[in-house]
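Let me begin by presenting the structure, written as structure tokens, before commenting on it.
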There are 2 protein chains.
Amino acid sequence: MTTRSWWGWGTVEDAVTPQERQHLVDRVRAVLPDADLTFHEPPAPTTLDLPKSRIQPSDLYSTDPVDRLTHARGQAYRDITRNLAGDIGPVPDAVARPRTEQDVIKVLDHCGDNGIVVIPFGGGTSVVGGVEPRGIEGPVVTLDLQGMNRVLEVDPVSRAARIQAGVLGPHLEAQLKPHGFTLRHFPQSFEFSTLGGWLATRAGGHYATVNTHIDDFAESLRVVTPVGISESRRVPGSGAGPSPDRLFLGSEGTLGVITEAWMRLQRPPAHRAGASVRFADWERAVEAVRLIAQSGLHPANCRLLDPAEAFLNAGEPGAVLVLGFESADHPVDGQLTRALELCDGEVVEGAAQRWRRSFLRMPYQRDAMAQHGMITETFETACTWDRFAELHAAVTEAATRVLGEVCGAGIATCRFTHVYPDGPAPYYGIYAPGRWGSLTGQWDEIKAAVSEAVLNAGGTITHHHAVGRDHMPWYSRQRPDVFGAALAGAKAVLDPAGVLNPGVLTTRSTAGPVPR
Amino acid sequence: MTTRSWWGWGTVEDAVTPQERQHLVDRVRAVLPDADLTFHEPPAPTTLDLPKSRIQPSDLYSTDPVDRLTHARGQAYRDITRNLAGDIGPVPDAVARPRTEQDVIKVLDHCGDNGIVVIPFGGGTSVVGGVEPRGIEGPVVTLDLQGMNRVLEVDPVSRAARIQAGVLGPHLEAQLKPHGFTLRHFPQSFEFSTLGGWLATRAGGHYATVNTHIDDFAESLRVVTPVGISESRRVPGSGAGPSPDRLFLGSEGTLGVITEAWMRLQRPPAHRAGASVRFADWERAVEAVRLIAQSGLHPANCRLLDPAEAFLNAGEPGAVLVLGFESADHPVDGQLTRALELCDGEVVEGAAQRWRRSFLRMPYQRDAMAQHGMITETFETACTWDRFAELHAAVTEAATRVLGEVCGAGIATCRFTHVYPDGPAPYYGIYAPGRWGSLTGQWDEIKAAVSEAVLNAGGTITHHHAVGRDHMPWYSRQRPDVFGAALAGAKAVLDPAGVLNPGVLTTRSTAGPVPR
């Protein structure tokens, strides 16, 4: 049995060890000898003064203070730093834990009738303010579906399963395993995030190519909305009008609550082939990845680490490409051989394993270092290949500039998490010495500067972290106004009381004309 | 220079030759010795009595009778039989041929202000009543974008091009060829349909797996709506809210007019491998195709013909699978070898070529045989593998029964056009002796019976032929009511005057609550 941390990532048991912490502090000390790396303990949650709940506790609603506190925000760096500072901010009045779809309907009915805002929580790993009751006047209920966590049905012939939305990654895989199947959707948050959360935020997963988002595995969705249940037909493909599922995928709890989905499954891979390739030159590495992405070889893994990322997290000099092919049906060595032919680099050993270990520890290490006043956070985008060099230069320049202004120094690293024939999805890491007491504000300044750079250079404000409240200013500019109006029109019908996650995706509560 | 047929498929020059016609008649005569195969000429279009146009001709609007007539309906069997019978039905009052986006805006403004219905025409190859002004009281303008037909920009690095929506397939490919690219979207209608039409109807194309619909090649769309222009950002992938493009893909001219799109391109294949496999047993053939679809081998072509289809259109006994792999980058022989291992059948020669020749002649032959009172038409669906055997039995049974009732006899054939890991997209052909003078009504009875069977067995009413007016009764049942209401909500905002292709996709012109 493990215990979820109330203030930081993951479980108490898996948090950094004293040795790991000391190692991290020593590494930072080596490059920043003057940094103030004083250690700060989080406050005890019971000492924090929560506003009184405006909702009666009941079978459906828990108003327990720790429950409310642990459902008050997600797991962004700015969430962690506020927790560490004891800055609790807005907190839901109650947490609802439905056991059945009927319970979900009861909550939506009760909240709709009484003007109570409902925020679907998923696993609460949002890094974009998606589950935080920010700027809401009235009472708020946070909806935690983790009690609805069963695989209800497996169709081994079509390779699909009907699954309740509240299931966490490991529990989902454990239920599929006896049937010989896997979903193979492994976001970094896998242990702590839910199927419903993945679907509602268009999460990015295991596959670097072809099936990059959870969207691609969704065969049909069942969604409870304030005006009724929407269940799409289970078909492998359809051309019958705009896709109903595509409206709810990425709707972030603003149009309804996903309660179940039929998901496409895989057999576990029986054949694998992988290699890591080091490049002397970043531009050549990017070019090799472009050729691989356009080759139709479809690597499962195609993660390019820039020199800083490779050095920090895989102990390698130079840019490193971690390539992997897999299949449940046939050998994939030929694909790897061909991909390596497209690479003007040198095969190296062990980098992939080192990087993978590091990858899984990153969120824990981010939080541990926040306790020492360090700023460590990530952001991601995607752009077409023709714009990448310019975007990368602009983002790196903006990051370096703002880090200089806000922190005196700092670095930005880059990796590709997913790649497409028409462009990469670059993922940036920020490492800088912060000022204890000002970490949240410092990060917000950095985030605003890099988001401006991303938008101005033609990127998307998010490739797979969703919009939430933190990305709204840039999402509003990225999205066509006309589409925003259409979405508001749809929301006005599905959520007439405007109680579903207000402030996310749409700021309008009623439909109206858009300026020409 | 060729001339489009006013009443039937394609060009006058490519219509069946006297020898081809005689051969077809002889084949039918051999199996149906008592059928009345009298030949009927189409009426001269100038002898048909069109209702007076209610719109003033102008630079924008043509009210020429043949223009109006050739834009009055699509290319379904029921369209052809009505043309042959001189039953012209509702006809648009004018045809608008914009040369620029500004012209499109002018038309939408003028029509919105004056309550004139606008029907975007594409290439006019709709087989579902998508472009027909059926059941509309007021004046109607049909919008023909074929004057907007240029490839405006090619990005060779990201492999994408910005293309005007009115371009026909061959002209599009001719413009891409000098750049060394191809879209490789080859629906049966390729010669006569437009990019905008493909996008608005989620057309199915070349690839049997992975990129089955035009949707998958759309990088960004530019859409003129009555309330403004929606242009999505050009990014390879995004998780920023529900996809704007996915709302317009399949919207069939009800939400706006697609004027341009950035489309993902391919290099022409340099490596190919293909084979045809004959199976003694249909069930074994289906099972082999399921295994291939679930193998991750991604064939470009994976077309399974049932014994009737194989006999009629490829001259082969038994069920035949036409398999093809292609790549611009690497040899694909290994993939073919592995796919053949999954097949419990016998490799045969020449079937693919014979079938392909037949495929391209089918629409012409359908129309020629309609002139002899024969009913020849197709319909398609998709379903999960676990339901396929039952769906196929139910559809075949329903078809056989209704053909017996309506025509005395007739057969239904089946092929798979596209396949997915979780199910096939079966495509049915109907061949029956009709009664001259009653062909349209006979077909409508057949279509209703098979559509009921498809819906009841869990299929989609359309995999890639769109909804139009003909599929509305079944689409309304297939689509979740809640999604229908959301779509109506979006339409109410984008098309406040309700002038865009009314009767298609949504019958509500204003948003309202749906029954729980």
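Please note that chains go A, B, ... in the order of the structure tokens, that every chain numbers its residues from 1, and that ligands are numbered from 1 in the order shown.
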
Practice task
Excluding range 54-59 of chain B and residues on its chain fewer than 5 positions from it, collect all residues at most 10 Å away from it, counting only C-alpha atoms, and give them as number ranges by chain.
Solution key: B: 64, 92-98, 116, 138-141

| said: When you look at Ala394 in chain B with a cut-off of 10 Å (counting only C-alpha atoms), what residues show up, excluding the ones that are within fewer than 4 positions of it in the same chain? I need them as a PyMOL selection string. | reply: chain B and resi 388-390+398-400+450+452-454+456-457

Could you tell me which of A:Phe217, A:Tyr61, A:Phe311, A:Tyr431 comes closest to Asp245 in chain A if we count only C-alpha atoms?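 The closest residue to Asp245 in chain A is A:Phe217.
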
Please identify all polymer residues within 10 Å of Cys111 in chain B, counting only C-alpha atoms, omitting same-chain residues fewer than 4 positions from it, and present them as a PDB file with N, CA and C atoms, in the first residue's frame.
ATOM      1  N   ILE B 105     -17.586  34.749 -50.229  1.00  0.00           N
ATOM      2  CA  ILE B 105     -18.147  35.590 -49.164  1.00  0.00           C
ATOM      3  C   ILE B 105     -19.345  36.383 -49.696  1.00  0.00           C
ATOM      4  N   LYS B 106     -19.185  36.944 -50.899  1.00  0.00           N
ATOM      5  CA  LYS B 106     -20.286  37.705 -51.522  1.00  0.00           C
ATOM      6  C   LYS B 106     -21.543  36.852 -51.651  1.00  0.00           C
ATOM      7  N   VAL B 107     -21.353  35.625 -52.121  1.00  0.00           N
ATOM      8  CA  VAL B 107     -22.505  34.734 -52.303  1.00  0.00           C
ATOM      9  C   VAL B 107     -23.150  34.435 -50.949  1.00  0.00           C
ATOM     10  N   GLY B 115     -32.283  35.124 -47.465  1.00  0.00           N
ATOM     11  CA  GLY B 115     -32.902  33.823 -47.200  1.00  0.00           C
ATOM     12  C   GLY B 115     -32.814  32.852 -48.364  1.00  0.00           C
ATOM     13  N   ILE B 116     -31.735  32.955 -49.116  1.00  0.00           N
ATOM     14  CA  ILE B 116     -31.533  32.034 -50.247  1.00  0.00           C
ATOM     15  C   ILE B 116     -30.648  30.869 -49.781  1.00  0.00           C
ATOM     16  N   VAL B 117     -31.104  29.662 -50.038  1.00  0.00           N
ATOM     17  CA  VAL B 117     -30.339  28.482 -49.649  1.00  0.00           C
ATOM     18  C   VAL B 117     -29.100  28.332 -50.529  1.00  0.00           C
ATOM     19  N   VAL B 118     -27.975  27.905 -49.901  1.00  0.00           N
ATOM     20  CA  VAL B 118     -26.718  27.691 -50.626  1.00  0.00           C
ATOM     21  C   VAL B 118     -26.322  26.214 -50.504  1.00  0.00           C
ATOM     22  N   PRO B 139     -35.794  30.108 -52.898  1.00  0.00           N
ATOM     23  CA  PRO B 139     -34.779  30.006 -53.944  1.00  0.00           C
ATOM     24  C   PRO B 139     -33.486  29.357 -53.453  1.00  0.00           C
ATOM     25  N   VAL B 140     -32.781  28.754 -54.386  1.00  0.00           N
ATOM     26  CA  VAL B 140     -31.567  27.989 -54.084  1.00  0.00           C
ATOM     27  C   VAL B 140     -30.449  28.358 -55.054  1.00  0.00           C
ATOM     28  N   VAL B 141     -29.261  28.590 -54.473  1.00  0.00           N
ATOM     29  CA  VAL B 141     -28.058  28.765 -55.286  1.00  0.00           C
ATOM     30  C   VAL B 141     -27.143  27.577 -55.061  1.00  0.00           C
ATOM     31  N   PRO B 226     -20.921  31.832 -42.768  1.00  0.00           N
ATOM     32  CA  PRO B 226     -21.679  33.086 -42.805  1.00  0.00           C
ATOM     33  C   PRO B 226     -21.243  34.095 -41.746  1.00  0.00           C
ATOM     34  N   ALA B 497     -28.781  32.165 -40.318  1.00  0.00           N
ATOM     35  CA  ALA B 497     -29.944  32.238 -41.205  1.00  0.00           C
ATOM     36  C   ALA B 497     -30.384  30.853 -41.663  1.00  0.00           C
ATOM     37  N   VAL B 499     -29.122  28.889 -43.956  1.00  0.00           N
ATOM     38  CA  VAL B 499     -29.172  28.774 -45.422  1.00  0.00           C
ATOM     39  C   VAL B 499     -28.254  27.692 -45.999  1.00  0.00           C
ATOM     40  N   LEU B 500     -27.347  27.153 -45.166  1.00  0.00           N
ATOM     41  CA  LEU B 500     -26.349  26.218 -45.705  1.00  0.00           C
ATOM     42  C   LEU B 500     -26.864  24.785 -45.759  1.00  0.00           C
TER      43      LEU B 500
END

Which residues in range 282-516 of chain B does DSSP call strand (DSSP E or B)? List them as a PyMOL selection string.
chain B and resi 301-305+319-327+346-348+374-380+411-420+423-433+500

Contacts of Arg435 in chain A at 12 Å (only C-alpha atoms; same-chain gap of 5+ positions) as a ChimeraX atom specification
/A:35-38,81,370-375,406-408,440-443

Quick one: residues within 10 Å of Trp385 in chain B, only C-alpha atoms counted, chain neighbours fewer than 2 positions away excluded, as a ChimeraX atom specification? /A:155-159,235-236 /B:286-287,290,382-383,387-391,419-425

Taking N, CA, C and O atoms for each residue, export the selection above as a short mmCIF file (atom, residue, chain, number, x, y, z; two decimals), in the first residue's frame.
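This went into part.cif:
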data_model
loop_
_atom_site.label_atom_id
_atom_site.label_comp_id
_atom_site.auth_asym_id
_atom_site.auth_seq_id
_atom_site.Cartn_x
_atom_site.Cartn_y
_atom_site.Cartn_z
N ASP A 155 -13.51 -7.72 -26.07
CA ASP A 155 -13.84 -8.35 -27.35
C ASP A 155 -12.52 -8.78 -27.97
O ASP A 155 -11.82 -7.98 -28.59
N PRO A 156 -12.15 -10.06 -27.81
CA PRO A 156 -10.83 -10.51 -28.28
C PRO A 156 -10.74 -10.58 -29.80
O PRO A 156 -9.64 -10.52 -30.35
N VAL A 157 -11.87 -10.67 -30.47
CA VAL A 157 -11.86 -10.78 -31.94
C VAL A 157 -11.53 -9.42 -32.56
O VAL A 157 -10.64 -9.31 -33.40
N SER A 158 -12.25 -8.40 -32.12
CA SER A 158 -11.98 -7.05 -32.65
C SER A 158 -10.84 -6.37 -31.89
O SER A 158 -10.43 -5.27 -32.27
N ARG A 159 -10.39 -6.98 -30.81
CA ARG A 159 -9.32 -6.41 -29.99
C ARG A 159 -9.73 -5.05 -29.44
O ARG A 159 -9.14 -4.00 -29.79
N VAL A 235 -17.87 1.45 -34.04
CA VAL A 235 -17.49 1.08 -35.41
C VAL A 235 -16.03 1.41 -35.63
O VAL A 235 -15.50 2.34 -35.02
N PRO A 236 -15.33 0.65 -36.50
CA PRO A 236 -13.90 0.86 -36.67
C PRO A 236 -13.58 2.13 -37.43
O PRO A 236 -12.49 2.70 -37.28
N VAL B 286 -12.04 -14.08 -44.70
CA VAL B 286 -12.30 -12.99 -43.76
C VAL B 286 -11.33 -13.07 -42.59
O VAL B 286 -10.76 -12.05 -42.14
N GLU B 287 -11.10 -14.27 -42.11
CA GLU B 287 -10.18 -14.46 -40.99
C GLU B 287 -8.75 -14.03 -41.37
O GLU B 287 -8.07 -13.37 -40.58
N ARG B 290 -8.61 -10.31 -41.32
CA ARG B 290 -8.57 -9.82 -39.93
C ARG B 290 -7.15 -9.90 -39.39
O ARG B 290 -6.64 -8.94 -38.80
N ALA B 382 -19.30 -0.11 -42.12
CA ALA B 382 -18.14 -0.64 -41.39
C ALA B 382 -18.68 -1.16 -40.07
O ALA B 382 -19.66 -0.62 -39.54
N CYS B 383 -18.07 -2.22 -39.58
CA CYS B 383 -18.49 -2.77 -38.29
C CYS B 383 -17.29 -3.46 -37.64
O CYS B 383 -16.28 -3.68 -38.30
N ARG B 387 -18.82 -8.56 -35.01
CA ARG B 387 -20.18 -8.47 -35.53
C ARG B 387 -20.28 -8.73 -37.02
O ARG B 387 -21.38 -8.75 -37.57
N PHE B 388 -19.14 -8.88 -37.68
CA PHE B 388 -19.19 -8.90 -39.14
C PHE B 388 -20.01 -10.07 -39.69
O PHE B 388 -20.85 -9.88 -40.59
N ALA B 389 -19.77 -11.28 -39.19
CA ALA B 389 -20.46 -12.45 -39.77
C ALA B 389 -21.98 -12.25 -39.69
O ALA B 389 -22.70 -12.50 -40.66
N GLU B 390 -22.41 -11.75 -38.54
CA GLU B 390 -23.85 -11.54 -38.34
C GLU B 390 -24.38 -10.41 -39.24
O GLU B 390 -25.44 -10.54 -39.85
N LEU B 391 -23.62 -9.33 -39.30
CA LEU B 391 -24.04 -8.21 -40.17
C LEU B 391 -24.10 -8.67 -41.63
O LEU B 391 -25.08 -8.38 -42.33
N VAL B 419 -9.78 -1.80 -44.32
CA VAL B 419 -9.83 -2.65 -43.12
C VAL B 419 -9.07 -2.00 -41.97
O VAL B 419 -8.09 -1.28 -42.20
N TYR B 420 -9.54 -2.25 -40.77
CA TYR B 420 -8.98 -1.68 -39.55
C TYR B 420 -8.66 -2.82 -38.58
O TYR B 420 -9.25 -3.90 -38.69
N PRO B 421 -7.80 -2.56 -37.61
CA PRO B 421 -7.55 -3.60 -36.60
C PRO B 421 -8.84 -4.07 -35.93
O PRO B 421 -8.97 -5.24 -35.59
N ASP B 422 -9.81 -3.18 -35.77
CA ASP B 422 -11.03 -3.58 -35.07
C ASP B 422 -12.22 -3.87 -35.99
O ASP B 422 -13.30 -4.15 -35.48
N GLY B 423 -12.02 -3.86 -37.30
CA GLY B 423 -13.14 -4.24 -38.15
C GLY B 423 -12.96 -3.88 -39.61
O GLY B 423 -12.10 -3.07 -39.95
N PRO B 424 -13.77 -4.47 -40.49
CA PRO B 424 -13.70 -4.19 -41.93
C PRO B 424 -14.73 -3.13 -42.35
O PRO B 424 -15.68 -2.85 -41.62
N ALA B 425 -14.52 -2.60 -43.55
CA ALA B 425 -15.52 -1.74 -44.18
C ALA B 425 -16.06 -2.49 -45.40
O ALA B 425 -15.48 -2.43 -46.48
#

Notebook entry, point to check: Could you pull out the helix (DSSP H, G or I) residues of range 131-365 of chain B from DSSP and send them as a PyMOL selection string?
Noted result: chain B and resi 169-179+195-201+214-217+244-248+282-293+307-314+333-341+351-365

Neighbouring residues of range 340-346 of chain B were defined as those with any atom within 8 Å, considering only C-alpha atoms; residues of the same chain fewer than 6 positions away were excluded. Please report them as a tab-separated table (two decimals) with N, CA and C atoms, in the first residue's frame.
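selection06.tsv written:
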chain	number	residue	atom	x	y	z
B	277	VAL	N	-4.80	-13.57	-53.74
B	277	VAL	CA	-4.91	-14.87	-53.08
B	277	VAL	C	-6.35	-15.35	-53.20
B	278	ARG	N	-6.50	-16.59	-53.67
B	278	ARG	CA	-7.85	-17.17	-53.77
B	278	ARG	C	-8.09	-18.09	-52.58
B	279	PHE	N	-9.27	-17.98	-52.00
B	279	PHE	CA	-9.66	-18.80	-50.86
B	279	PHE	C	-10.85	-19.67	-51.28
B	280	ALA	N	-10.83	-20.93	-50.85
B	280	ALA	CA	-11.96	-21.81	-51.13
B	280	ALA	C	-13.16	-21.39	-50.29
B	284	ARG	N	-12.71	-18.28	-44.11
B	284	ARG	CA	-11.25	-18.30	-43.97
B	284	ARG	C	-10.62	-17.05	-44.56
B	285	ALA	N	-11.20	-16.58	-45.64
B	285	ALA	CA	-10.70	-15.35	-46.27
B	285	ALA	C	-10.86	-14.17	-45.32
B	288	ALA	N	-8.33	-14.36	-42.58
B	288	ALA	CA	-6.99	-13.95	-43.03
B	288	ALA	C	-6.89	-12.43	-43.07
B	289	VAL	N	-7.92	-11.78	-43.56
B	289	VAL	CA	-7.90	-10.32	-43.65
B	289	VAL	C	-7.88	-9.71	-42.25
B	291	LEU	N	-6.49	-11.03	-39.61
B	291	LEU	CA	-5.13	-11.19	-39.10
B	291	LEU	C	-4.18	-10.17	-39.72
B	292	ILE	N	-4.34	-9.94	-41.01
B	292	ILE	CA	-3.49	-8.95	-41.69
B	292	ILE	C	-3.77	-7.55	-41.14

From CA of Pro244 in chain A to CA of Val467 in chain A the spacing works out at 20.2 Å

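Distance annotation: of A:Val28, A:Leu505, A:Ile80, A:Ala339, the residue with the minimal separation from chain B is A:Leu505; atom set is only C-alpha atoms.
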
From CA of Glu137 in chain A to CA of Ala200 in chain A the spacing works out at 24.5 Å

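Minimum atom-to-atom distance to chain A, evaluated using only C-alpha atoms, belongs to B:Ala203 out of B:Val395, B:Ala351, B:Leu439, B:Ala203.
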